[in-house]
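As stored in work-v2.cif (mmCIF, C-alpha atoms (C1' of nucleotides)):
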data_target
loop_
_atom_site.label_atom_id
_atom_site.label_comp_id
_atom_site.auth_asym_id
_atom_site.auth_seq_id
_atom_site.Cartn_x
_atom_site.Cartn_y
_atom_site.Cartn_z
CA MET A 3 -64.02 -73.14 2.00
CA LEU A 4 -65.91 -72.42 -1.21
CA ILE A 5 -66.34 -68.81 -2.12
CA LEU A 6 -69.14 -69.25 -4.61
CA MET A 7 -72.40 -69.23 -2.65
CA ALA A 8 -74.95 -70.03 -5.31
CA ARG A 9 -73.29 -73.41 -5.92
CA PRO A 10 -75.67 -76.30 -5.33
CA THR A 11 -74.73 -78.04 -2.10
CA PRO A 12 -75.22 -81.80 -2.03
CA GLN A 13 -74.03 -81.78 1.59
CA THR A 14 -77.15 -79.87 2.65
CA HIS A 15 -78.53 -83.15 3.97
CA ASP A 16 -75.77 -83.36 6.58
CA GLU A 17 -75.96 -79.66 7.37
CA ILE A 18 -79.66 -80.06 8.15
CA LEU A 19 -78.88 -83.02 10.41
CA ALA A 20 -76.22 -81.04 12.27
CA ALA A 21 -78.46 -78.00 12.62
CA ALA A 22 -81.38 -80.13 13.81
CA ALA A 23 -79.12 -81.79 16.40
CA ARG A 24 -78.13 -78.38 17.76
CA ARG A 25 -81.72 -77.13 17.92
CA PHE A 26 -83.09 -80.38 19.40
CA ALA A 27 -80.40 -80.30 22.07
CA ALA A 28 -81.25 -76.69 22.91
CA THR A 29 -85.05 -76.75 22.88
CA GLY A 30 -86.10 -80.38 22.48
CA TYR A 31 -87.84 -82.11 19.58
CA ARG A 32 -91.29 -80.66 20.02
CA GLY A 33 -89.85 -77.28 20.93
CA THR A 34 -88.04 -77.07 17.59
CA SER A 35 -89.98 -76.19 14.45
CA LEU A 36 -88.95 -76.99 10.91
CA GLN A 37 -88.57 -73.23 10.42
CA ASP A 38 -86.10 -73.13 13.32
CA ILE A 39 -83.97 -75.78 11.63
CA ALA A 40 -84.20 -74.05 8.25
CA THR A 41 -83.15 -70.73 9.79
CA GLU A 42 -80.19 -72.41 11.50
CA VAL A 43 -79.11 -73.95 8.18
CA GLY A 44 -79.78 -70.77 6.23
CA CYS A 45 -82.27 -72.27 3.78
CA SER A 46 -86.02 -72.45 3.41
CA LYS A 47 -88.30 -74.75 5.33
CA ALA A 48 -89.25 -76.35 2.00
CA ALA A 49 -85.59 -77.22 1.43
CA VAL A 50 -85.54 -79.13 4.71
CA LEU A 51 -88.60 -81.08 3.62
CA TYR A 52 -86.99 -81.73 0.25
CA HIS A 53 -84.17 -83.66 1.95
CA PHE A 54 -86.36 -85.33 4.59
CA ALA A 55 -89.84 -86.77 4.14
CA ASN A 56 -91.05 -85.13 7.34
CA LYS A 57 -89.92 -83.87 10.73
CA GLU A 58 -89.94 -87.33 12.27
CA ALA A 59 -87.54 -88.62 9.62
CA ILE A 60 -84.90 -86.16 10.87
CA LEU A 61 -85.27 -87.44 14.42
CA THR A 62 -85.19 -91.03 13.22
CA GLU A 63 -81.89 -90.56 11.39
CA LEU A 64 -80.34 -88.74 14.36
CA MET A 65 -81.47 -91.38 16.84
CA ALA A 66 -80.66 -94.44 14.74
CA PRO A 67 -77.24 -95.21 16.30
CA ALA A 68 -78.60 -94.82 19.82
CA ILE A 69 -81.60 -97.03 19.09
CA GLU A 70 -79.41 -99.67 17.52
CA ALA A 71 -77.14 -99.68 20.56
CA LEU A 72 -80.16 -99.98 22.84
CA CYS A 73 -81.47 -102.98 20.91
CA SER A 74 -78.04 -104.57 21.13
CA LEU A 75 -78.01 -104.05 24.90
CA ASP A 76 -81.47 -105.59 25.13
CA GLU A 77 -80.19 -108.72 23.41
CA ARG A 78 -77.13 -108.95 25.67
CA ILE A 79 -79.35 -108.72 28.75
CA ALA A 80 -81.63 -111.45 27.43
CA GLU A 81 -78.61 -113.76 27.09
CA GLN A 82 -77.86 -113.61 30.81
CA HIS A 83 -79.12 -116.50 32.91
CA GLY A 84 -79.38 -115.20 36.48
CA PRO A 85 -81.11 -111.99 37.63
CA ALA A 86 -77.86 -110.78 39.21
CA ASP A 87 -75.98 -111.08 35.93
CA ALA A 88 -78.83 -109.44 34.05
CA GLN A 89 -78.90 -106.58 36.53
CA ARG A 90 -75.14 -106.03 36.28
CA VAL A 91 -75.11 -106.12 32.48
CA ALA A 92 -78.14 -103.81 32.35
CA ALA A 93 -76.59 -101.29 34.73
CA GLU A 94 -73.19 -101.18 33.03
CA GLY A 95 -74.70 -101.21 29.56
CA PHE A 96 -77.24 -98.50 30.29
CA VAL A 97 -74.65 -96.21 31.83
CA ASP A 98 -72.49 -96.71 28.76
CA LEU A 99 -75.40 -95.77 26.51
CA ALA A 100 -76.40 -92.79 28.63
CA VAL A 101 -72.88 -91.40 28.49
CA ARG A 102 -72.19 -92.08 24.81
CA PHE A 103 -75.55 -90.83 23.57
CA ARG A 104 -76.24 -88.20 26.18
CA ASN A 105 -76.63 -85.56 23.50
CA GLU A 106 -79.18 -87.58 21.55
CA ILE A 107 -81.09 -88.52 24.69
CA ALA A 108 -81.33 -84.82 25.53
CA PHE A 109 -83.33 -84.35 22.33
CA LEU A 110 -86.25 -86.11 23.94
CA ARG A 111 -86.06 -84.10 27.19
CA GLY A 112 -89.21 -85.22 28.93
CA GLU A 113 -91.08 -86.02 25.77
CA PHE A 114 -90.62 -89.76 26.24
CA PRO A 115 -94.30 -90.47 26.92
CA GLU A 116 -95.53 -88.89 23.67
CA LEU A 117 -92.61 -89.85 21.47
CA LEU A 118 -92.60 -93.46 22.63
CA GLN A 119 -95.95 -93.89 20.91
CA GLN A 120 -94.60 -92.84 17.51
CA PRO A 121 -93.79 -95.68 15.07
CA VAL A 122 -90.06 -94.94 15.23
CA PHE A 123 -89.93 -95.92 18.87
CA ALA A 124 -92.53 -98.64 18.64
CA HIS A 125 -90.49 -101.40 20.28
CA ILE A 126 -88.46 -99.07 22.52
CA GLN A 127 -91.39 -99.20 24.91
CA GLN A 128 -90.99 -102.96 25.39
CA ILE A 129 -87.21 -102.70 25.62
CA SER A 130 -87.45 -100.09 28.36
CA GLU A 131 -89.87 -102.31 30.27
CA ARG A 132 -87.40 -105.22 30.08
CA LEU A 133 -84.63 -102.84 31.14
CA ILE A 134 -86.62 -101.78 34.21
CA ASP A 135 -87.30 -105.42 34.97
CA ALA A 136 -83.59 -106.21 34.80
CA PHE A 137 -82.78 -103.22 37.03
CA ALA A 138 -85.33 -104.51 39.54
CA GLY A 139 -83.64 -107.94 39.52
CA HIS A 140 -86.82 -109.50 38.08
CA SER A 141 -88.52 -108.66 41.38
CA GLU A 142 -92.13 -107.52 41.79
CA ARG A 143 -91.45 -105.88 45.15
CA ALA A 144 -92.59 -102.27 45.27
CA SER A 145 -89.23 -100.96 46.49
CA ALA A 146 -87.36 -102.71 43.69
CA ARG A 147 -89.76 -101.43 41.02
CA VAL A 148 -89.66 -97.87 42.37
CA THR A 149 -85.88 -97.91 42.59
CA ALA A 150 -85.50 -99.20 39.04
CA LEU A 151 -87.88 -96.69 37.47
CA VAL A 152 -86.58 -93.68 39.39
CA LEU A 153 -82.97 -94.42 38.48
CA LEU A 154 -83.66 -95.19 34.85
CA ALA A 155 -85.87 -92.14 34.31
CA GLY A 156 -83.54 -89.93 36.34
CA ILE A 157 -80.48 -90.88 34.30
CA ALA A 158 -82.31 -90.55 30.99
CA GLU A 159 -83.69 -87.17 32.00
CA THR A 160 -80.47 -85.64 33.30
CA CYS A 161 -77.54 -87.20 31.48
CA GLY A 162 -77.48 -84.31 29.01
CA GLU A 163 -77.06 -81.72 31.75
CA PHE A 164 -73.48 -82.56 32.67
CA ALA A 165 -71.70 -80.95 29.75
CA ASP A 166 -68.80 -80.02 32.06
CA LEU A 167 -68.01 -83.67 32.87
CA THR A 168 -65.97 -86.03 30.71
CA ASP A 169 -67.44 -89.35 29.61
CA GLN A 170 -65.22 -91.05 32.19
CA GLU A 171 -66.31 -88.82 35.06
CA LEU A 172 -70.01 -89.06 34.26
CA GLY A 173 -69.83 -92.81 33.71
CA ASP A 174 -68.05 -93.39 37.01
CA ALA A 175 -70.57 -91.25 38.90
CA LEU A 176 -73.58 -93.00 37.35
CA LEU A 177 -72.13 -96.49 37.83
CA GLY A 178 -71.32 -95.72 41.46
CA LEU A 179 -74.85 -94.49 42.00
CA LEU A 180 -76.38 -97.63 40.48
CA ARG A 181 -74.12 -99.92 42.52
CA ARG A 182 -75.16 -98.21 45.75
CA ALA A 183 -78.84 -97.83 44.92
CA LEU A 184 -79.95 -100.99 43.10
CA GLU A 185 -81.21 -103.73 45.37
CA PRO A 186 -79.26 -106.99 44.88
CA PRO A 187 -81.63 -109.67 43.53
CA VAL A 188 -82.76 -112.30 46.00
CA HIS A 189 -82.00 -115.88 45.05
CA MET B 12 -129.15 -83.83 41.75
CA LEU B 13 -130.84 -80.97 39.98
CA ILE B 14 -133.06 -81.87 37.07
CA LEU B 15 -133.11 -78.43 35.48
CA MET B 16 -130.08 -78.22 33.22
CA ALA B 17 -130.16 -74.58 32.14
CA ARG B 18 -129.66 -73.50 35.74
CA PRO B 19 -126.58 -71.27 36.14
CA THR B 20 -123.92 -73.18 38.08
CA PRO B 21 -121.77 -71.10 40.43
CA GLN B 22 -119.68 -74.22 41.13
CA THR B 23 -118.46 -74.29 37.53
CA HIS B 24 -115.16 -72.85 38.74
CA ASP B 25 -114.46 -75.98 40.78
CA GLU B 26 -115.74 -78.28 38.05
CA ILE B 27 -113.26 -76.70 35.64
CA LEU B 28 -110.46 -77.21 38.16
CA ALA B 29 -111.38 -80.86 38.64
CA ALA B 30 -111.68 -81.47 34.90
CA ALA B 31 -108.37 -79.72 34.23
CA ALA B 32 -106.69 -81.85 36.91
CA ARG B 33 -107.93 -85.02 35.22
CA ARG B 34 -106.82 -83.89 31.76
CA PHE B 35 -103.44 -82.60 32.96
CA ALA B 36 -102.81 -85.88 34.76
CA ALA B 37 -103.68 -87.83 31.63
CA THR B 38 -101.93 -85.83 28.92
CA GLY B 39 -99.82 -83.18 30.68
CA TYR B 40 -100.21 -79.42 30.76
CA ARG B 41 -99.04 -78.67 27.24
CA GLY B 42 -100.81 -81.73 25.91
CA THR B 43 -104.15 -80.46 27.17
CA SER B 44 -105.97 -77.72 25.25
CA LEU B 45 -108.58 -75.38 26.67
CA GLN B 46 -111.07 -77.11 24.40
CA ASP B 47 -110.17 -80.46 25.99
CA ILE B 48 -111.00 -79.04 29.41
CA ALA B 49 -114.21 -77.43 28.18
CA THR B 50 -115.34 -80.69 26.59
CA GLU B 51 -114.61 -82.58 29.83
CA VAL B 52 -116.67 -80.05 31.79
CA GLY B 53 -119.41 -79.92 29.19
CA CYS B 54 -119.26 -76.20 28.52
CA SER B 55 -117.69 -73.90 25.95
CA LYS B 56 -114.05 -72.90 25.84
CA ALA B 57 -115.15 -69.31 26.38
CA ALA B 58 -116.81 -70.35 29.64
CA VAL B 59 -113.49 -71.76 30.87
CA LEU B 60 -111.83 -68.44 30.06
CA TYR B 61 -114.62 -66.59 31.81
CA HIS B 62 -113.72 -68.26 35.10
CA PHE B 63 -109.94 -68.15 34.57
CA ALA B 64 -107.90 -65.34 33.07
CA ASN B 65 -105.89 -67.77 30.93
CA LYS B 66 -104.66 -71.34 30.76
CA GLU B 67 -101.74 -70.68 33.09
CA ALA B 68 -104.11 -69.41 35.82
CA ILE B 69 -105.71 -72.86 35.97
CA LEU B 70 -102.33 -74.50 36.48
CA THR B 71 -101.37 -71.89 39.06
CA GLU B 72 -104.45 -72.57 41.16
CA LEU B 73 -103.98 -76.34 40.91
CA MET B 74 -100.30 -76.16 41.85
CA ALA B 75 -100.63 -73.59 44.65
CA PRO B 76 -100.68 -76.06 47.58
CA ALA B 77 -97.71 -77.99 46.21
CA ILE B 78 -95.71 -74.82 45.64
CA GLU B 79 -96.49 -73.54 49.11
CA ALA B 80 -95.35 -76.83 50.64
CA LEU B 81 -92.15 -76.71 48.59
CA CYS B 82 -91.37 -73.18 49.81
CA SER B 83 -92.00 -74.32 53.37
CA LEU B 84 -89.57 -77.21 52.89
CA ASP B 85 -86.99 -74.81 51.47
CA GLU B 86 -87.19 -72.71 54.64
CA ARG B 87 -86.88 -75.75 56.91
CA ILE B 88 -83.75 -76.86 55.03
CA ALA B 89 -82.22 -73.40 55.35
CA GLU B 90 -82.66 -73.57 59.13
CA GLN B 91 -80.42 -76.63 59.44
CA HIS B 92 -76.82 -75.99 60.47
CA GLY B 93 -74.81 -78.98 59.23
CA PRO B 94 -74.84 -80.48 55.73
CA ALA B 95 -75.84 -83.87 57.14
CA ASP B 96 -78.92 -82.42 58.84
CA ALA B 97 -79.79 -80.44 55.72
CA GLN B 98 -79.47 -83.56 53.59
CA ARG B 99 -81.67 -85.61 55.91
CA VAL B 100 -84.38 -82.93 56.13
CA ALA B 101 -84.26 -82.42 52.36
CA ALA B 102 -84.57 -86.14 51.64
CA GLU B 103 -87.42 -86.78 54.06
CA GLY B 104 -89.20 -83.56 53.14
CA PHE B 105 -88.91 -84.11 49.38
CA VAL B 106 -90.18 -87.67 49.61
CA ASP B 107 -93.13 -86.41 51.62
CA LEU B 108 -93.91 -83.80 48.96
CA ALA B 109 -93.44 -86.24 46.08
CA VAL B 110 -95.90 -88.66 47.65
CA ARG B 111 -98.53 -86.12 48.75
CA PHE B 112 -98.50 -84.16 45.51
CA ARG B 113 -97.66 -86.95 43.09
CA ASN B 114 -100.78 -86.20 41.08
CA GLU B 115 -99.96 -82.49 40.71
CA ILE B 116 -96.32 -83.22 39.87
CA ALA B 117 -97.53 -85.52 37.11
CA PHE B 118 -99.15 -82.49 35.45
CA LEU B 119 -95.73 -81.23 34.51
CA ARG B 120 -94.52 -84.60 33.14
CA GLY B 121 -91.21 -83.58 31.67
CA GLU B 122 -92.20 -80.02 30.96
CA PHE B 123 -90.15 -78.73 33.87
CA PRO B 124 -87.57 -76.94 31.70
CA GLU B 125 -90.13 -74.83 29.82
CA LEU B 126 -92.58 -74.35 32.66
CA LEU B 127 -89.89 -73.35 35.12
CA GLN B 128 -89.35 -70.22 33.07
CA GLN B 129 -92.96 -69.09 33.44
CA PRO B 130 -93.63 -66.40 36.07
CA VAL B 131 -95.62 -68.80 38.24
CA PHE B 132 -92.56 -70.90 38.88
CA ALA B 133 -90.10 -68.03 38.94
CA HIS B 134 -88.44 -68.86 42.26
CA ILE B 135 -89.01 -72.60 42.01
CA GLN B 136 -85.84 -72.67 39.92
CA GLN B 137 -83.74 -71.36 42.80
CA ILE B 138 -85.46 -73.59 45.33
CA SER B 139 -84.74 -76.67 43.24
CA GLU B 140 -81.10 -75.64 42.98
CA ARG B 141 -80.86 -75.35 46.77
CA LEU B 142 -82.62 -78.71 47.07
CA ILE B 143 -80.05 -80.32 44.79
CA ASP B 144 -77.29 -78.70 46.80
CA ALA B 145 -78.73 -80.11 50.04
CA PHE B 146 -79.06 -83.57 48.44
CA ALA B 147 -75.40 -83.35 47.44
CA GLY B 148 -74.40 -82.49 51.01
CA HIS B 149 -73.17 -79.07 49.86
CA SER B 150 -70.45 -80.88 47.93
CA GLU B 151 -69.07 -79.87 44.54
CA ARG B 152 -67.83 -83.37 43.75
CA ALA B 153 -69.08 -84.67 40.42
CA SER B 154 -70.43 -87.91 41.88
CA ALA B 155 -72.41 -86.05 44.54
CA ARG B 156 -73.88 -83.60 42.03
CA VAL B 157 -74.79 -86.36 39.57
CA THR B 158 -76.38 -88.46 42.31
CA ALA B 159 -78.43 -85.55 43.61
CA LEU B 160 -79.76 -84.48 40.22
CA VAL B 161 -80.53 -87.99 38.99
CA LEU B 162 -82.49 -88.86 42.14
CA LEU B 163 -84.37 -85.59 42.31
CA ALA B 164 -85.32 -85.59 38.63
CA GLY B 165 -86.08 -89.30 38.69
CA ILE B 166 -88.47 -89.02 41.62
CA ALA B 167 -90.17 -85.93 40.19
CA GLU B 168 -90.57 -87.60 36.83
CA THR B 169 -91.92 -90.94 38.02
CA CYS B 170 -93.79 -90.41 41.29
CA GLY B 171 -97.07 -90.17 39.41
CA GLU B 172 -96.64 -93.58 37.82
CA PHE B 173 -97.20 -95.68 40.93
CA ALA B 174 -100.96 -95.37 41.21
CA ASP B 175 -101.12 -98.93 42.57
CA LEU B 176 -99.02 -98.09 45.62
CA THR B 177 -100.30 -96.49 48.83
CA ASP B 178 -98.68 -93.30 50.12
CA GLN B 179 -96.97 -95.36 52.80
CA GLU B 180 -95.54 -97.92 50.36
CA LEU B 181 -94.30 -95.32 47.88
CA GLY B 182 -92.84 -93.16 50.64
CA ASP B 183 -90.98 -96.08 52.19
CA ALA B 184 -89.56 -97.16 48.84
CA LEU B 185 -88.38 -93.64 47.95
CA LEU B 186 -86.89 -93.00 51.37
CA GLY B 187 -85.07 -96.32 51.31
CA LEU B 188 -83.68 -95.48 47.89
CA LEU B 189 -82.45 -92.07 49.02
CA ARG B 190 -80.82 -93.50 52.15
CA ARG B 191 -78.91 -96.06 50.08
CA ALA B 192 -78.01 -93.77 47.23
CA LEU B 193 -77.15 -90.37 48.69
CA GLU B 194 -73.52 -89.92 49.62
CA PRO B 195 -73.10 -88.96 53.29
CA PRO B 196 -71.58 -85.46 53.49
CA VAL B 197 -67.90 -85.27 54.40
CA HIS B 198 -67.08 -83.25 57.53
"C1'" DT C 21 -77.68 -76.17 -28.18
"C1'" DC C 22 -81.04 -77.92 -25.57
"C1'" DA C 23 -83.57 -81.37 -22.72
"C1'" DG C 24 -83.71 -82.95 -18.34
"C1'" DA C 25 -82.53 -83.82 -13.63
"C1'" DG C 26 -81.34 -82.21 -9.08
"C1'" DG C 27 -81.74 -78.61 -5.79
"C1'" DC C 28 -84.32 -75.15 -3.96
"C1'" DT C 29 -87.89 -71.30 -3.22
"C1'" DG C 30 -92.11 -68.57 -2.03
"C1'" DA C 31 -96.71 -68.99 -1.72
"C1'" DC C 32 -100.05 -71.49 0.11
"C1'" DC C 33 -102.96 -75.09 2.80
"C1'" DG C 34 -105.65 -77.03 6.70
"C1'" DA C 35 -105.41 -77.82 11.48
"C1'" DT C 36 -104.81 -76.32 16.05
"C1'" DC C 37 -103.59 -73.28 19.50
"C1'" DG C 38 -104.68 -69.52 23.26
"C1'" DG C 39 -107.43 -65.78 23.58
"C1'" DT C 40 -111.18 -61.91 22.51
"C1'" DC C 41 -115.72 -60.08 21.93
"C1'" DA C 42 -120.57 -58.85 21.26
"C1'" DG C 43 -124.48 -60.49 22.63
"C1'" DA C 44 -127.99 -63.97 24.62
"C1'" DT C 45 -129.97 -65.83 28.87
"C1'" DC C 46 -131.51 -65.61 33.45
"C1'" DA C 47 -131.98 -64.53 38.65
"C1'" DG C 48 -132.54 -61.08 41.68
"C1'" DT C 49 -133.93 -56.28 42.99
"C1'" DG C 50 -136.24 -51.75 43.12
"C1'" DC D 9 -142.16 -53.48 34.96
"C1'" DA D 10 -137.27 -52.05 34.03
"C1'" DC D 11 -132.81 -52.67 35.09
"C1'" DT D 12 -128.42 -54.91 36.54
"C1'" DG D 13 -124.85 -58.12 37.03
"C1'" DA D 14 -123.34 -62.74 36.69
"C1'" DT D 15 -122.91 -66.60 33.57
"C1'" DC D 16 -122.27 -68.48 29.30
"C1'" DT D 17 -122.10 -69.00 24.06
"C1'" DG D 18 -120.71 -69.01 19.10
"C1'" DA D 19 -118.18 -66.71 16.03
"C1'" DC D 20 -114.01 -64.93 15.25
"C1'" DC D 21 -108.88 -63.50 15.53
"C1'" DG D 22 -103.84 -63.82 14.82
"C1'" DA D 23 -100.08 -66.87 15.34
"C1'" DT D 24 -97.83 -71.12 14.58
"C1'" DC D 25 -97.48 -75.66 13.23
"C1'" DG D 26 -96.20 -79.57 9.70
"C1'" DG D 27 -96.61 -80.24 5.11
"C1'" DT D 28 -97.65 -79.48 -0.24
"C1'" DC D 29 -97.01 -77.60 -4.76
"C1'" DA D 30 -95.87 -75.23 -9.08
"C1'" DG D 31 -92.21 -73.44 -10.89
"C1'" DC D 32 -87.42 -71.33 -11.11
"C1'" DC D 33 -82.39 -71.82 -11.42
"C1'" DT D 34 -78.13 -74.16 -12.44
"C1'" DC D 35 -75.45 -77.70 -13.93
"C1'" DT D 36 -74.62 -81.71 -17.00
"C1'" DG D 37 -74.33 -84.60 -20.88
"C1'" DA D 38 -75.92 -86.08 -25.37
#
Do you think you could lay out the structure here as structure tokens?
Amino acid sequence: MLILMARPTPQTHDEILAAAARRFAATGYRGTSLQDIATEVGCSKAAVLYHFANKEAILTELMAPAIEALCSLDERIAEQHGPADAQRVAAEGFVDLAVRFRNEIAFLRGEFPELLQQPVFAHIQQISERLIDAFAGHSERASARVTALVLLAGIAETCGEFADLTDQELGDALLGLLRRALEPPVH
Amino acid sequence: MLILMARPTPQTHDEILAAAARRFAATGYRGTSLQDIATEVGCSKAAVLYHFANKEAILTELMAPAIEALCSLDERIAEQHGPADAQRVAAEGFVDLAVRFRNEIAFLRGEFPELLQQPVFAHIQQISERLIDAFAGHSERASARVTALVLLAGIAETCGEFADLTDQELGDALLGLLRRALEPPVH
DNA sequence: TCAGAGGCTGACCGATCGGTCAGATCAGTG
DNA sequence: CACTGATCTGACCGATCGGTCAGCCTCTGA
């Protein structure tokens, strides 16, 4: 704990990240202004924009680990040979991501459609389509497509709401749900 | 078809409603400005606000039938005596609503958290909580709560995306999903 | 001692938002 | 003809947004 306040603080970068994470989790990305973040940090809005090129750059840095993990999952799914294996890997992998990054996912709270068109999430769109396809067991049947999209969107939309559950509890519940609900691929 | 253009149009009210419905469905409530609606109608923004007190009044009028049907479903669920009956009525009733009003639900595309706090949707919050409780079979178990919320949010979030499916096809797919996924209440 | 770099601020910018207002236009009525 | 009420417009308002900029302060090293 430093007593001197006027000291320049090179760690402001991380403080802004932490403050932005709290505000994004509370009110979403679009619902949080740069002024909100600055107020939470205790500095000026210009200071925030001194450490980050723009608002999107803050989100990008916060989401980087989650995006990287999602890309890695996408590659693992692509390595599977049968639709049943792909479905199983997709389900287990997605639940793992949803639990580990549930705080980050909550940032986007329903803003997926708009945010997915920003350059940061350029290829996330295609990844999510392949994820849905794997969930559906590579089937074109209406029931399989509906099931896949409802479950994927439902988990993404709600995984941040279970703050009272441990990672283990939430993961078990989600995995159980997917095992019951997903239609086994026909072969 | 009237040739005279300067003729006052008493049906402007309905034209605004129709235009707003198209814009809301395309870009969401918050993503649609009053100017967007006015441009779609072909009149001034002030004309839109002459026919409607404010932006929220347009949404209120568009959502009225859906809200009324949701309240009616809430009452029907409350009349059931056992948790199994309540769960079945809730599932079938919610699927029916999601299919019939999928266009209106798409207006809110992920803006549920913010919009639910507006006066129009004041008691929708409580109704949705009772709906989740009925889905969960009045259970407090983590897996039942997670399942209920994921399915409810997932259906609400995605039911507008299946424009290529008939009401019958979408309804069957959603009902099949709920029957597989919902945990039967313990007695 | 002083130049310079890093860190930060307040003032400001243009765009967009929902909403207001005075007044123009026009159909119907007496 | 005069008047009224409904419909509609353009101009404007205050608030908020993301972002820019000139310059100030403090610390450091030659």
> Care to translate the PyMOL selection byres ((chain C and resi 50) around 12) into actual residues of this file, as a PyMOL selection string?
Replying inline: (chain C and resi 48-49) or (chain D and resi 9-12)
>> For the PyMOL selection byres ((chain B) within 10 of (chain A)), applied here, can you spell out every residue it catches as an MDAnalysis selection string?
In response: chainID B and resid 38:39 42 119:125 152:170 172:173 175:176 180:194
Using C-alpha atoms, can you export the residues from the last selection as a PDB file, keeping the file's coordinate frame?
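File written: again-v2.pdb
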ATOM      1  CA  THR B  38    -101.930 -85.830  28.920  1.00  0.00           C
ATOM      2  CA  GLY B  39     -99.820 -83.180  30.680  1.00  0.00           C
ATOM      3  CA  GLY B  42    -100.810 -81.730  25.910  1.00  0.00           C
ATOM      4  CA  LEU B 119     -95.730 -81.230  34.510  1.00  0.00           C
ATOM      5  CA  ARG B 120     -94.520 -84.600  33.140  1.00  0.00           C
ATOM      6  CA  GLY B 121     -91.210 -83.580  31.670  1.00  0.00           C
ATOM      7  CA  GLU B 122     -92.200 -80.020  30.960  1.00  0.00           C
ATOM      8  CA  PHE B 123     -90.150 -78.730  33.870  1.00  0.00           C
ATOM      9  CA  PRO B 124     -87.570 -76.940  31.700  1.00  0.00           C
ATOM     10  CA  GLU B 125     -90.130 -74.830  29.820  1.00  0.00           C
ATOM     11  CA  ARG B 152     -67.830 -83.370  43.750  1.00  0.00           C
ATOM     12  CA  ALA B 153     -69.080 -84.670  40.420  1.00  0.00           C
ATOM     13  CA  SER B 154     -70.430 -87.910  41.880  1.00  0.00           C
ATOM     14  CA  ALA B 155     -72.410 -86.050  44.540  1.00  0.00           C
ATOM     15  CA  ARG B 156     -73.880 -83.600  42.030  1.00  0.00           C
ATOM     16  CA  VAL B 157     -74.790 -86.360  39.570  1.00  0.00           C
ATOM     17  CA  THR B 158     -76.380 -88.460  42.310  1.00  0.00           C
ATOM     18  CA  ALA B 159     -78.430 -85.550  43.610  1.00  0.00           C
ATOM     19  CA  LEU B 160     -79.760 -84.480  40.220  1.00  0.00           C
ATOM     20  CA  VAL B 161     -80.530 -87.990  38.990  1.00  0.00           C
ATOM     21  CA  LEU B 162     -82.490 -88.860  42.140  1.00  0.00           C
ATOM     22  CA  LEU B 163     -84.370 -85.590  42.310  1.00  0.00           C
ATOM     23  CA  ALA B 164     -85.320 -85.590  38.630  1.00  0.00           C
ATOM     24  CA  GLY B 165     -86.080 -89.300  38.690  1.00  0.00           C
ATOM     25  CA  ILE B 166     -88.470 -89.020  41.620  1.00  0.00           C
ATOM     26  CA  ALA B 167     -90.170 -85.930  40.190  1.00  0.00           C
ATOM     27  CA  GLU B 168     -90.570 -87.600  36.830  1.00  0.00           C
ATOM     28  CA  THR B 169     -91.920 -90.940  38.020  1.00  0.00           C
ATOM     29  CA  CYS B 170     -93.790 -90.410  41.290  1.00  0.00           C
ATOM     30  CA  GLU B 172     -96.640 -93.580  37.820  1.00  0.00           C
ATOM     31  CA  PHE B 173     -97.200 -95.680  40.930  1.00  0.00           C
ATOM     32  CA  ASP B 175    -101.120 -98.930  42.570  1.00  0.00           C
ATOM     33  CA  LEU B 176     -99.020 -98.090  45.620  1.00  0.00           C
ATOM     34  CA  GLU B 180     -95.540 -97.920  50.360  1.00  0.00           C
ATOM     35  CA  LEU B 181     -94.300 -95.320  47.880  1.00  0.00           C
ATOM     36  CA  GLY B 182     -92.840 -93.160  50.640  1.00  0.00           C
ATOM     37  CA  ASP B 183     -90.980 -96.080  52.190  1.00  0.00           C
ATOM     38  CA  ALA B 184     -89.560 -97.160  48.840  1.00  0.00           C
ATOM     39  CA  LEU B 185     -88.380 -93.640  47.950  1.00  0.00           C
ATOM     40  CA  LEU B 186     -86.890 -93.000  51.370  1.00  0.00           C
ATOM     41  CA  GLY B 187     -85.070 -96.320  51.310  1.00  0.00           C
ATOM     42  CA  LEU B 188     -83.680 -95.480  47.890  1.00  0.00           C
ATOM     43  CA  LEU B 189     -82.450 -92.070  49.020  1.00  0.00           C
ATOM     44  CA  ARG B 190     -80.820 -93.500  52.150  1.00  0.00           C
ATOM     45  CA  ARG B 191     -78.910 -96.060  50.080  1.00  0.00           C
ATOM     46  CA  ALA B 192     -78.010 -93.770  47.230  1.00  0.00           C
ATOM     47  CA  LEU B 193     -77.150 -90.370  48.690  1.00  0.00           C
ATOM     48  CA  GLU B 194     -73.520 -89.920  49.620  1.00  0.00           C
TER      49      GLU B 194
END
> Taking all atoms listed in the file into account, which residues of chain C are within 10 Å of chain A, as a PyMOL selection string?
Replying inline: chain C and resi 26-30
> Expressed in Å to a single decimal, how great is the separation between CA of Lys57 (chain A) and CA of Glu67 (chain B)?
Replying inline: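 Atom-to-atom, CA of Lys57 (chain A) and CA of Glu67 (chain B) are spaced 28.5 Å apart.
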> Which one of B:Leu60, B:Ala37, B:Val197, B:Ala174 sits closest to chain D if you count all atoms listed in the file?
Replying inline: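 Of B:Leu60, B:Ala37, B:Val197, B:Ala174, the one nearest chain D is B:Leu60, counting all atoms listed in the file.
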Please report, as CSV, each residue of chain D lying at most 10 Å from chain A, together with the nearest pair of atoms and the separation in Å rounded to one decimal; use only C-alpha atoms (C1' of nucleotides), and order rows by chain and ascending residue number.
residue,atom,partner,partner_atom,distance
D:DT24,C1',A:Ser35,CA,9.3
D:DC25,C1',A:Ser35,CA,7.6
D:DG26,C1',A:Lys57,CA,7.7
D:DG27,C1',A:Asn56,CA,7.7
D:DT28,C1',A:Ala48,CA,9.2
D:DC33,C1',A:Ala8,CA,9.8
D:DT34,C1',A:Pro10,CA,7.8
D:DC35,C1',A:Pro10,CA,8.7
